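Trainee: One structure, pasted below without further comment.
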Amino acid sequence: MKKSFFGVCGVLLLVVAIFSTVSAANVQVRISGWGGSDQAIIEEMLRLYVNPTMEKEGITVLYEPIADDFQRYIVNALSAKTAPDLFYMDIFWAQSLIQAGQVEPLDNYLAKSKILKKEDFIPSLVDAFSAQRKVYGIPKDFNTLALFYNKDLFDLAGVAYPDENDTWNTLATKLEQVSSLDGVYGLALQPEYARMGQFAYAAGFQTFDQNGKSNLSHPGFRAALEWYTSLAKSRAGIMPADLGQGWGGGAFGTEEVAACIEGAWVIGHLKDQAPNLNYGTTFMPKAPSTGERGNFIFCVAWGMNKNARNKQAAFKVLEQLTSPEVQQWILERGLALPSRVALTDNPYFKQNNREAYANYIVFKGASEGIVEPYSFGEYGGRWMSPIDEVLRAIMSGESTVEEGLREAQFRLDQEMQR
Amino acid sequence: MRSIKEKIAPYVLLSPYLFMLIVFFGYAFIRCLYFSFTDYDLFSPPQWVGLKNYLNLFRDFQFGLALKNSLQFAVIVTGFQTIFALILAVVLNQKIKGIRFFRAAYYMPSITSSAVVTLIFMWLFQKRGLINYLLTLVKTGYPIILTFCVFTLLIQAFFIFIEKLKERPVSFFEPSFLFLSVMLSLMVTLILVKTATVTLAEGLAPIETVWLNSKKRWPNSGVLGISYPLGSIMVLNIWTTAPTFMLLYLAGLQDIPKELYEAAAVDGATKFKTFWYVVRPQLRNITFLVVTMGFISTLQMFDQVAIIGDQAPLDAVITLAYYVYINAFPSSVSPKIGMASAAAVFLGILTLLIVLLQKKAVKS
């Protein structure tokens, strides 16, 4: 009895010892992002750049993409303490996670790092993920809006291409003219603030005024709303939903609209769905009142879980994920725009094809005119939903601009008081 | 004197289910009740705030909309699905050949997944979808439909007239003549259409009602108006759940003794009077069950709203269950578990009240 007892103990100890040595040699760092087309890109990036370097340090990277609603997943995972060590943070909702104290401040790690420095990245992007002068996320790429137009359709109608000197009025005229073609509408008008707000910013509107309130009767907002919805009255513009499409890029790909306002993400979609579409890209038109353009910055960063088990290892993986080599690789495949300052004059942008040019315009869009980050403080998507609803109502003829403005202001005040 | 083993045996057998019930229902319910009195955002510890959440609920515009939509949905869908279930059951209770096939066919909508049905109906309800197309066909085809009906009537009247001349008793709806009239009328209409004597109406605008992406209400824009997207969801919900309750009614109908039918026939009751005065009261218990289950499930309708997503404006389709969801898992800000729990508790109490009210109404 005693012999077998000691025998079992000995075997158990041996097993424990083996496991502990194995785990000590091999630290696991879990990272997560969204699924879909992003998944294949990240997997290849890990295979080519991150895993070889990390294996030398004894770190295995476990990639767990989430196919569905990422933000809901991460909130639940962080609350249940099962969240990955590194995860995407979208500029749209990053602040709520940071304020809730779920993200690790990175300043100490950045100070000690030899590879990763805060100054390497575009300052406005880093600021979007900072709070109380501490950095909480490293931006991995960004996007802005650009005007994509179908060169063939414009040629057929004999209309000059939209260019960087266009104002709202000249662009509207061009869209009217090109919509004289059979079965073609001018601009895809997504009924969303995310595609209309940049015009409001161009005309001087600010999301939150100095008292922290949103005043939709600001002349800039009204002018943008009137101009945007007026396009839908003629064939100069149409809501993608009325063509059975879910977004402007979809309608643009099927050549039912001659132009759409989207970010660089539409380039990948067009490469897939409409590889022979001859498109051109240009900046947003200027507002007649201020002579300025406006734009949004959409940005995603990597953040570290405050309760990550091995933060040093996680930071090493973060260094690799945002390294210049990885960003260059992603840029060359036209997948996203780099957030590193050093890559702003990269030879990729000087290539002579429409995709590189489109990426160049989107990249430049971050510094042209009045550019605001795509975030709405503590209100997030709820800030935009009254305006989205009113845009839809006005463009489907169910409401006038006056009624719409009143309704939007009423509902927005309601939302902000909740 | 039963042994200890025999006494605890029932509890041992019940324990797996009891465990699930206590953990997933009891504990969850108590926790939800607790959270409804706190301010909780999933990260910091919950802070007690008393009845503030409940007060905020009634000040919230969106909660009012959700309540109104839920009540409209519950009343209309429960009402219609009970009526249709009863009618279907009576019709399918006949002993004719092939009735089994019809029972299976009419039951099909209930076995489909609600997510799939919602997706398909979203396609059907598009601006250029099948439903608008069929409505346009009816609108432009009214000359043809009118011709067909008129000829059917005329031919049937002719047959009946001849029979009446021979002084034979015959009802206007005599099936054999009806069948003949329909066939002959079809042939005549076909000939008229082929020779282009009767054509589709020209110059009429096609029907392009926006069923989903609209805030229009029917019949008017007042408080009692039903929004178009909610109406569409009601139609699809009635279509999928009426067959389930039809089964219950069928079972109930089998229980009615034949003597009652015979007694009614002896007293000279027509088919409709038999149904209204004999069959309906016998089914009272089943009606109570169907209406109760109907109310409980329609008050908690969530999946159709979630699947329709942003195809319809949220105000027009939001229900109480969806309101709980968007407060517990908002799209980009910190969760408001306190408000969500308060709304969930309110929904539970509302359901209980409605069922109790309905029970009182039936008893009286």
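Ordered as shown in the structure tokens, chains take letters A, B, and onward, while each chain numbers its residues from 1 and ligands are numbered from 1 in the order shown.
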Using only C-alpha atoms, which residues of chain B come within 9 Å of chain A, and what is the closest atom pair for each, with the distance in Å to one decimal? Give it as CSV, sorted by chain and residue number.
Mentor:
residue,atom,partner,partner_atom,distance
B:Asp41,CA,A:Ala100,CA,8.4
B:Leu42,CA,A:Ser79,CA,5.7
B:Phe43,CA,A:Ser79,CA,5.7
B:Ser44,CA,A:Ala100,CA,7.4
B:Asn56,CA,A:Arg418,CA,8.1
B:Asp60,CA,A:Arg418,CA,7.5
B:Phe61,CA,A:Gln414,CA,7.4
B:Gln126,CA,A:Gly244,CA,7.8
B:Lys127,CA,A:Asp242,CA,7.4
B:Arg128,CA,A:Gly244,CA,8.4
B:Asn213,CA,A:Arg392,CA,8.5
B:Ser214,CA,A:Ala393,CA,7.6
B:Lys215,CA,A:Ala393,CA,7.9
B:Lys216,CA,A:Glu398,CA,7.9
B:Gln311,CA,A:Ala241,CA,8.5
B:Pro313,CA,A:Glu389,CA,6.6
B:Leu314,CA,A:Glu389,CA,8.5
B:Phe329,CA,A:Arg72,CA,6.2
B:Pro330,CA,A:Arg72,CA,7.7
B:Ser331,CA,A:Gly381,CA,6.4
B:Ser332,CA,A:Trp93,CA,4.9
B:Val333,CA,A:Ser96,CA,5.6
B:Ser334,CA,A:Ser96,CA,5.9
B:Pro335,CA,A:Val75,CA,8.5
Trainee: Residues as selected, N, CA and C atoms, written as a PDB file, in the first residue's frame, can you do that?
Mentor:
ATOM      1  N   ASP B  41     -22.185  48.612 -14.742  1.00  0.00           N
ATOM      2  CA  ASP B  41     -21.742  48.662 -16.140  1.00  0.00           C
ATOM      3  C   ASP B  41     -20.820  47.506 -16.484  1.00  0.00           C
ATOM      4  N   LEU B  42     -20.944  46.414 -15.814  1.00  0.00           N
ATOM      5  CA  LEU B  42     -20.209  45.163 -16.045  1.00  0.00           C
ATOM      6  C   LEU B  42     -18.766  45.200 -15.559  1.00  0.00           C
ATOM      7  N   PHE B  43     -18.204  46.383 -15.267  1.00  0.00           N
ATOM      8  CA  PHE B  43     -16.800  46.413 -14.874  1.00  0.00           C
ATOM      9  C   PHE B  43     -16.621  46.836 -13.422  1.00  0.00           C
ATOM     10  N   SER B  44     -17.187  47.985 -13.072  1.00  0.00           N
ATOM     11  CA  SER B  44     -17.066  48.387 -11.660  1.00  0.00           C
ATOM     12  C   SER B  44     -18.151  47.696 -10.856  1.00  0.00           C
ATOM     13  N   ASN B  56     -36.445  56.187 -14.349  1.00  0.00           N
ATOM     14  CA  ASN B  56     -35.841  56.556 -15.631  1.00  0.00           C
ATOM     15  C   ASN B  56     -36.496  55.831 -16.785  1.00  0.00           C
ATOM     16  N   ASP B  60     -38.069  57.537 -20.284  1.00  0.00           N
ATOM     17  CA  ASP B  60     -37.353  57.265 -21.531  1.00  0.00           C
ATOM     18  C   ASP B  60     -38.330  57.143 -22.693  1.00  0.00           C
ATOM     19  N   PHE B  61     -38.116  57.975 -23.708  1.00  0.00           N
ATOM     20  CA  PHE B  61     -38.991  57.986 -24.881  1.00  0.00           C
ATOM     21  C   PHE B  61     -38.987  56.634 -25.582  1.00  0.00           C
ATOM     22  N   GLN B 126     -39.226  43.578 -50.009  1.00  0.00           N
ATOM     23  CA  GLN B 126     -38.432  44.663 -50.588  1.00  0.00           C
ATOM     24  C   GLN B 126     -39.308  45.528 -51.474  1.00  0.00           C
ATOM     25  N   LYS B 127     -38.790  46.730 -51.784  1.00  0.00           N
ATOM     26  CA  LYS B 127     -39.553  47.668 -52.611  1.00  0.00           C
ATOM     27  C   LYS B 127     -39.881  47.039 -53.968  1.00  0.00           C
ATOM     28  N   ARG B 128     -38.945  46.268 -54.525  1.00  0.00           N
ATOM     29  CA  ARG B 128     -39.214  45.603 -55.806  1.00  0.00           C
ATOM     30  C   ARG B 128     -39.337  44.100 -55.588  1.00  0.00           C
ATOM     31  N   ASN B 213     -38.490  49.756 -44.730  1.00  0.00           N
ATOM     32  CA  ASN B 213     -37.638  50.897 -44.450  1.00  0.00           C
ATOM     33  C   ASN B 213     -38.453  52.166 -44.314  1.00  0.00           C
ATOM     34  N   SER B 214     -39.522  52.127 -43.512  1.00  0.00           N
ATOM     35  CA  SER B 214     -40.415  53.277 -43.473  1.00  0.00           C
ATOM     36  C   SER B 214     -40.986  53.452 -42.081  1.00  0.00           C
ATOM     37  N   LYS B 215     -41.399  54.667 -41.781  1.00  0.00           N
ATOM     38  CA  LYS B 215     -42.012  54.905 -40.478  1.00  0.00           C
ATOM     39  C   LYS B 215     -43.500  55.183 -40.629  1.00  0.00           C
ATOM     40  N   LYS B 216     -44.027  54.953 -41.843  1.00  0.00           N
ATOM     41  CA  LYS B 216     -45.449  55.258 -42.065  1.00  0.00           C
ATOM     42  C   LYS B 216     -46.305  54.342 -41.202  1.00  0.00           C
ATOM     43  N   GLN B 311     -32.636  47.325 -41.490  1.00  0.00           N
ATOM     44  CA  GLN B 311     -33.501  47.459 -42.657  1.00  0.00           C
ATOM     45  C   GLN B 311     -34.731  48.271 -42.318  1.00  0.00           C
ATOM     46  N   PRO B 313     -36.428  51.299 -39.495  1.00  0.00           N
ATOM     47  CA  PRO B 313     -36.067  52.252 -38.440  1.00  0.00           C
ATOM     48  C   PRO B 313     -36.385  51.660 -37.067  1.00  0.00           C
ATOM     49  N   LEU B 314     -35.464  51.839 -36.133  1.00  0.00           N
ATOM     50  CA  LEU B 314     -35.598  51.152 -34.853  1.00  0.00           C
ATOM     51  C   LEU B 314     -36.870  51.538 -34.126  1.00  0.00           C
ATOM     52  N   PHE B 329     -26.455  45.438 -24.022  1.00  0.00           N
ATOM     53  CA  PHE B 329     -25.321  45.348 -24.932  1.00  0.00           C
ATOM     54  C   PHE B 329     -25.398  46.476 -25.950  1.00  0.00           C
ATOM     55  N   PRO B 330     -25.134  47.713 -25.526  1.00  0.00           N
ATOM     56  CA  PRO B 330     -25.222  48.804 -26.480  1.00  0.00           C
ATOM     57  C   PRO B 330     -24.085  48.736 -27.475  1.00  0.00           C
ATOM     58  N   SER B 331     -24.251  49.420 -28.599  1.00  0.00           N
ATOM     59  CA  SER B 331     -23.300  49.192 -29.688  1.00  0.00           C
ATOM     60  C   SER B 331     -21.966  49.849 -29.464  1.00  0.00           C
ATOM     61  N   SER B 332     -21.853  50.838 -28.626  1.00  0.00           N
ATOM     62  CA  SER B 332     -20.505  51.392 -28.517  1.00  0.00           C
ATOM     63  C   SER B 332     -20.239  52.089 -27.194  1.00  0.00           C
ATOM     64  N   VAL B 333     -21.142  51.983 -26.236  1.00  0.00           N
ATOM     65  CA  VAL B 333     -20.883  52.656 -24.961  1.00  0.00           C
ATOM     66  C   VAL B 333     -20.985  51.608 -23.862  1.00  0.00           C
ATOM     67  N   SER B 334     -20.765  52.039 -22.620  1.00  0.00           N
ATOM     68  CA  SER B 334     -20.787  51.055 -21.545  1.00  0.00           C
ATOM     69  C   SER B 334     -22.199  50.548 -21.317  1.00  0.00           C
ATOM     70  N   PRO B 335     -22.322  49.281 -20.977  1.00  0.00           N
ATOM     71  CA  PRO B 335     -23.646  48.672 -20.794  1.00  0.00           C
ATOM     72  C   PRO B 335     -24.391  49.291 -19.620  1.00  0.00           C
TER      73      PRO B 335
END
Trainee: Residues at most 10 Å from Glu355 in chain A, counting only C-alpha atoms, excluding those fewer than 6 positions away in the same chain, as a ChimeraX atom specification?
Mentor: /A:264,267-268,270-271,279-281,333-334,349,361
Trainee: Excluding Ile330 in chain A and any residue of its chain fewer than 6 positions from it, enumerate the residues within 9 Å of it, using only C-alpha atoms, and give them as a list in words.
Mentor: Ile41, Met45, Ala336, Leu337 and Pro338 of chain A
Trainee: Restricting the output to N, CA and C atoms, write the selected residues as an mmCIF file, in the first residue's frame.
Mentor:
data_model
loop_
_atom_site.group_PDB
_atom_site.id
_atom_site.type_symbol
_atom_site.label_atom_id
_atom_site.label_comp_id
_atom_site.auth_asym_id
_atom_site.auth_seq_id
_atom_site.Cartn_x
_atom_site.Cartn_y
_atom_site.Cartn_z
ATOM 1 N N ILE A 41 -5.783 37.843 -43.688
ATOM 2 C CA ILE A 41 -4.645 38.768 -43.730
ATOM 3 C C ILE A 41 -3.810 38.623 -42.466
ATOM 4 N N MET A 45 0.049 37.422 -41.965
ATOM 5 C CA MET A 45 1.001 38.334 -41.339
ATOM 6 C C MET A 45 1.683 37.667 -40.161
ATOM 7 N N ALA A 336 -4.413 48.432 -46.077
ATOM 8 C CA ALA A 336 -4.737 49.494 -45.108
ATOM 9 C C ALA A 336 -3.624 50.528 -45.157
ATOM 10 N N LEU A 337 -3.908 51.657 -44.550
ATOM 11 C CA LEU A 337 -2.925 52.738 -44.574
ATOM 12 C C LEU A 337 -2.118 52.715 -43.293
ATOM 13 N N PRO A 338 -0.806 52.894 -43.386
ATOM 14 C CA PRO A 338 0.039 52.761 -42.198
ATOM 15 C C PRO A 338 -0.156 53.921 -41.241
#
Trainee: If you count only C-alpha atoms, which residues fall within 9 Å of range 122-125 of chain B, apart from same-chain ones fewer than 5 positions away, as a PDB file with C-alpha atoms, in the first residue's frame?
Mentor:
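New file result.pdb:
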ATOM      1  CA  VAL B 117     -38.381  32.828 -42.330  1.00  0.00           C
ATOM      2  CA  LEU B 130     -42.448  39.577 -54.681  1.00  0.00           C
ATOM      3  CA  ILE B 131     -45.259  40.999 -52.577  1.00  0.00           C
ATOM      4  CA  ASN B 132     -45.262  44.351 -54.366  1.00  0.00           C
ATOM      5  CA  THR B 209     -44.881  50.325 -51.092  1.00  0.00           C
ATOM      6  CA  VAL B 210     -41.910  50.457 -48.798  1.00  0.00           C
ATOM      7  CA  TRP B 211     -42.786  47.819 -46.215  1.00  0.00           C
ATOM      8  CA  LEU B 212     -39.682  47.743 -44.083  1.00  0.00           C
ATOM      9  CA  SER B 232     -45.014  43.135 -41.805  1.00  0.00           C
ATOM     10  CA  ILE B 308     -34.402  42.881 -39.513  1.00  0.00           C
ATOM     11  CA  GLN B 311     -33.501  47.459 -42.657  1.00  0.00           C
TER      12      GLN B 311
END
Trainee: Which neighbours of Gln312 in chain A fall inside 12 Å, counting only C-alpha atoms, when residues of the same chain fewer than 2 positions from it are skipped, and could you give them as a VMD selection string?
Mentor: chain A and resid 27 to 29 57 59 85 to 86 104 106 108 to 110 112 to 113 304 to 305 308 to 310 314 to 319
Trainee: Mind listing the helix (DSSP H, G or I) residues of range 51-220 of chain B, per DSSP on the backbone, as a VMD selection string?
Mentor: chain B and resid 52 to 59 61 to 91 99 to 111 114 to 124 130 to 140 142 to 165 175 to 194
Trainee: For the residues in the current selection, export C-alpha atoms as a JSON list (two decimals), in the first residue's frame.
Mentor:
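Below you can see out-v4.json, which holds the result:
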[["chain", "number", "residue", "atom", "x", "y", "z"],
["B", 52, "LYS", "CA", -34.07, 55.32, -9.91],
["B", 53, "ASN", "CA", -33.90, 52.84, -12.81],
["B", 54, "TYR", "CA", -37.64, 52.31, -12.80],
["B", 55, "LEU", "CA", -38.28, 56.06, -12.75],
["B", 56, "ASN", "CA", -35.84, 56.56, -15.63],
["B", 57, "LEU", "CA", -37.61, 53.85, -17.58],
["B", 58, "PHE", "CA", -40.84, 55.79, -17.64],
["B", 59, "ARG", "CA", -39.04, 58.99, -18.60],
["B", 61, "PHE", "CA", -38.99, 57.99, -24.88],
["B", 62, "GLN", "CA", -37.68, 54.79, -26.39],
["B", 63, "PHE", "CA", -39.15, 52.69, -23.58],
["B", 64, "GLY", "CA", -42.57, 54.20, -24.26],
["B", 65, "LEU", "CA", -42.24, 53.29, -27.94],
["B", 66, "ALA", "CA", -41.15, 49.77, -27.04],
["B", 67, "LEU", "CA", -44.10, 49.34, -24.68],
["B", 68, "LYS", "CA", -46.57, 50.57, -27.28],
["B", 69, "ASN", "CA", -45.15, 48.37, -30.02],
["B", 70, "SER", "CA", -45.10, 45.33, -27.75],
["B", 71, "LEU", "CA", -48.71, 45.79, -26.68],
["B", 72, "GLN", "CA", -49.92, 46.39, -30.25],
["B", 73, "PHE", "CA", -47.99, 43.35, -31.42],
["B", 74, "ALA", "CA", -49.25, 41.15, -28.59],
["B", 75, "VAL", "CA", -52.92, 42.04, -28.96],
["B", 76, "ILE", "CA", -53.11, 41.87, -32.75],
["B", 77, "VAL", "CA", -50.99, 38.79, -33.28],
["B", 78, "THR", "CA", -52.57, 36.80, -30.45],
["B", 79, "GLY", "CA", -56.04, 37.74, -31.65],
["B", 80, "PHE", "CA", -55.49, 36.84, -35.27],
["B", 81, "GLN", "CA", -53.51, 33.70, -34.66],
["B", 82, "THR", "CA", -56.19, 32.35, -32.33],
["B", 83, "ILE", "CA", -58.92, 33.01, -34.87],
["B", 84, "PHE", "CA", -56.95, 31.51, -37.76],
["B", 85, "ALA", "CA", -55.93, 28.51, -35.67],
["B", 86, "LEU", "CA", -59.56, 27.84, -34.83],
["B", 87, "ILE", "CA", -60.76, 28.22, -38.42],
["B", 88, "LEU", "CA", -57.95, 26.03, -39.75],
["B", 89, "ALA", "CA", -58.69, 23.37, -37.13],
["B", 90, "VAL", "CA", -62.39, 23.28, -37.99],
["B", 91, "VAL", "CA", -61.63, 23.05, -41.69],
["B", 99, "ILE", "CA", -56.92, 15.40, -45.21],
["B", 100, "ARG", "CA", -53.69, 14.11, -43.72],
["B", 101, "PHE", "CA", -51.68, 15.73, -46.51],
["B", 102, "PHE", "CA", -53.40, 19.07, -45.93],
["B", 103, "ARG", "CA", -52.84, 18.87, -42.19],
["B", 104, "ALA", "CA", -49.13, 18.32, -42.76],
["B", 105, "ALA", "CA", -48.91, 21.05, -45.40],
["B", 106, "TYR", "CA", -50.71, 23.62, -43.29],
["B", 107, "TYR", "CA", -48.51, 22.80, -40.32],
["B", 108, "MET", "CA", -45.27, 23.36, -42.27],
["B", 109, "PRO", "CA", -44.82, 27.07, -41.48],
["B", 110, "SER", "CA", -44.48, 26.28, -37.78],
["B", 111, "ILE", "CA", -41.56, 23.92, -38.15],
["B", 114, "SER", "CA", -37.92, 31.87, -37.38],
["B", 115, "ALA", "CA", -34.57, 33.34, -38.38],
["B", 116, "VAL", "CA", -34.75, 31.82, -41.85],
["B", 117, "VAL", "CA", -38.38, 32.83, -42.33],
["B", 118, "THR", "CA", -37.59, 36.40, -41.31],
["B", 119, "LEU", "CA", -34.72, 36.58, -43.79],
["B", 120, "ILE", "CA", -36.90, 35.26, -46.59],
["B", 121, "PHE", "CA", -39.72, 37.63, -45.75],
["B", 122, "MET", "CA", -37.25, 40.53, -45.75],
["B", 123, "TRP", "CA", -36.57, 39.65, -49.38],
["B", 124, "LEU", "CA", -40.27, 39.34, -50.17],
["B", 130, "LEU", "CA", -42.45, 39.58, -54.68],
["B", 131, "ILE", "CA", -45.26, 41.00, -52.58],
["B", 132, "ASN", "CA", -45.26, 44.35, -54.37],
["B", 133, "TYR", "CA", -45.07, 42.47, -57.66],
["B", 134, "LEU", "CA", -48.13, 40.36, -56.85],
["B", 135, "LEU", "CA", -50.04, 43.41, -55.66],
["B", 136, "THR", "CA", -49.16, 45.21, -58.90],
["B", 137, "LEU", "CA", -50.39, 42.19, -60.88],
["B", 138, "VAL", "CA", -53.72, 42.35, -59.08],
["B", 139, "LYS", "CA", -53.93, 46.11, -59.59],
["B", 140, "THR", "CA", -53.20, 46.00, -63.33],
["B", 142, "TYR", "CA", -58.37, 43.77, -62.51],
["B", 143, "PRO", "CA", -60.15, 43.63, -65.91],
["B", 144, "ILE", "CA", -59.21, 39.98, -66.29],
["B", 145, "ILE", "CA", -60.17, 39.11, -62.71],
["B", 146, "LEU", "CA", -63.44, 40.97, -63.13],
["B", 147, "THR", "CA", -64.26, 39.12, -66.36],
["B", 148, "PHE", "CA", -63.57, 35.78, -64.72],
["B", 149, "CYS", "CA", -65.79, 36.51, -61.72],
["B", 150, "VAL", "CA", -68.65, 37.86, -63.84],
["B", 151, "PHE", "CA", -68.64, 34.85, -66.14],
["B", 152, "THR", "CA", -68.49, 32.40, -63.22],
["B", 153, "LEU", "CA", -71.50, 34.11, -61.69],
["B", 154, "LEU", "CA", -73.46, 34.12, -64.95],
["B", 155, "ILE", "CA", -72.79, 30.47, -65.79],
["B", 156, "GLN", "CA", -73.59, 29.34, -62.26],
["B", 157, "ALA", "CA", -76.80, 31.37, -62.26],
["B", 158, "PHE", "CA", -77.72, 29.78, -65.60],
["B", 159, "PHE", "CA", -77.25, 26.24, -64.21],
["B", 160, "ILE", "CA", -79.22, 27.00, -61.05],
["B", 161, "PHE", "CA", -81.98, 28.62, -63.09],
["B", 162, "ILE", "CA", -82.37, 25.47, -65.20],
["B", 163, "GLU", "CA", -82.54, 23.30, -62.07],
["B", 164, "LYS", "CA", -85.08, 25.61, -60.46],
["B", 165, "LEU", "CA", -87.21, 25.39, -63.62],
["B", 175, "PRO", "CA", -70.43, 22.28, -55.74],
["B", 176, "SER", "CA", -70.69, 20.31, -58.96],
["B", 177, "PHE", "CA", -72.19, 23.24, -60.84],
["B", 178, "LEU", "CA", -69.68, 25.58, -59.23],
["B", 179, "PHE", "CA", -66.82, 23.45, -60.47],
["B", 180, "LEU", "CA", -68.30, 23.40, -63.99],
["B", 181, "SER", "CA", -68.86, 27.18, -63.97],
["B", 182, "VAL", "CA", -65.32, 27.85, -62.83],
["B", 183, "MET", "CA", -63.87, 25.66, -65.56],
["B", 184, "LEU", "CA", -66.04, 27.14, -68.31],
["B", 185, "SER", "CA", -65.42, 30.67, -67.11],
["B", 186, "LEU", "CA", -61.65, 30.02, -67.10],
["B", 187, "MET", "CA", -61.84, 28.89, -70.72],
["B", 188, "VAL", "CA", -63.87, 31.91, -71.75],
["B", 189, "THR", "CA", -61.52, 34.32, -69.96],
["B", 190, "LEU", "CA", -58.50, 32.65, -71.54],
["B", 191, "ILE", "CA", -60.02, 33.02, -75.02],
["B", 192, "LEU", "CA", -60.84, 36.66, -74.36],
["B", 193, "VAL", "CA", -57.29, 37.36, -73.12],
["B", 194, "LYS", "CA", -55.67, 35.56, -76.05]]
Trainee: I'd like the neighbourhood of Ile238 in chain A as a list in words, where a residue qualifies if any of its atoms comes within 9 Å (using only C-alpha atoms), though same-chain residues fewer than 5 positions away should be ignored.
Mentor: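 Near neighbours after the sequence-gap exclusion: Tyr185, Gly186, Leu187, Ala188, Leu189, Gln190, Leu231, Ala232, Lys233, Leu243, Val257 and Met395 of chain A.
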Trainee: With only C-alpha atoms as the atoms that count, which of A:Asn215, A:Gln177, A:Gln198, A:Ser323 lies nearest to Leu412 in chain A?
Mentor: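 That would be A:Asn215, the residue with the smallest distance to Leu412 in chain A.
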Trainee: With DSSP run on the backbone, what are the strand (DSSP E) residues within range 49-171 of chain A? I'd like them as a ChimeraX atom specification.
Mentor: /A:59-63,86-90,130-131,134-135,137-143,146-150
Trainee: May I have the selected residues written with C-alpha atoms, as a short mmCIF file (atom, residue, chain, number, x, y, z; two decimals), in the first residue's frame?
Mentor:
data_model
loop_
_atom_site.label_atom_id
_atom_site.label_comp_id
_atom_site.auth_asym_id
_atom_site.auth_seq_id
_atom_site.Cartn_x
_atom_site.Cartn_y
_atom_site.Cartn_z
CA ILE A 59 6.21 32.99 -27.08
CA THR A 60 3.35 31.39 -28.99
CA VAL A 61 0.76 33.68 -30.43
CA LEU A 62 -2.79 32.36 -30.40
CA TYR A 63 -5.06 34.23 -32.82
CA LEU A 86 -4.25 41.91 -27.04
CA PHE A 87 -7.38 43.02 -28.87
CA TYR A 88 -8.57 45.50 -31.46
CA MET A 89 -10.01 48.76 -30.24
CA ASP A 90 -12.05 50.79 -32.67
CA SER A 130 -5.14 58.36 -25.04
CA ALA A 131 -6.77 59.55 -21.86
CA LYS A 134 -1.56 58.11 -20.93
CA VAL A 135 -1.47 56.06 -24.08
CA GLY A 137 -3.59 51.81 -27.64
CA ILE A 138 -1.17 51.70 -30.55
CA PRO A 139 -2.98 52.58 -33.80
CA LYS A 140 -2.38 49.93 -36.42
CA ASP A 141 -3.89 51.64 -39.46
CA PHE A 142 -6.47 54.23 -40.36
CA ASN A 143 -8.91 55.28 -43.03
CA ALA A 146 -12.72 59.81 -50.50
CA LEU A 147 -14.90 60.34 -53.54
CA PHE A 148 -14.70 57.37 -55.90
CA TYR A 149 -16.08 57.96 -59.41
CA ASN A 150 -16.63 55.75 -62.44
#
Trainee: Pick from A:Ile115, A:Val103, A:Met284, A:Ala77: nearest to Thr322 in chain A, with only C-alpha atoms counted?
Mentor: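 Comparing A:Ile115, A:Val103, A:Met284, A:Ala77 against Thr322 in chain A, the winner is A:Ile115.
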Trainee: Could you check which of B:Lys258, B:Lys271, B:Arg2, B:Lys359 is closest to Arg284 in chain B, using only C-alpha atoms?
Mentor: B:Lys359
Trainee: Could you please determine the separation between CA of Trp227 in chain A and CA of Ser399 in chain A in Å, to one decimal place?
Mentor: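 Computing the Euclidean distance for CA of Trp227 in chain A and CA of Ser399 in chain A yields 15.3 Å.
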Trainee: Could you check how far CA of Gly365 in chain A sits from CA of Phe283 in chain A, in Å to one decimal?
Mentor: 6.8 Å
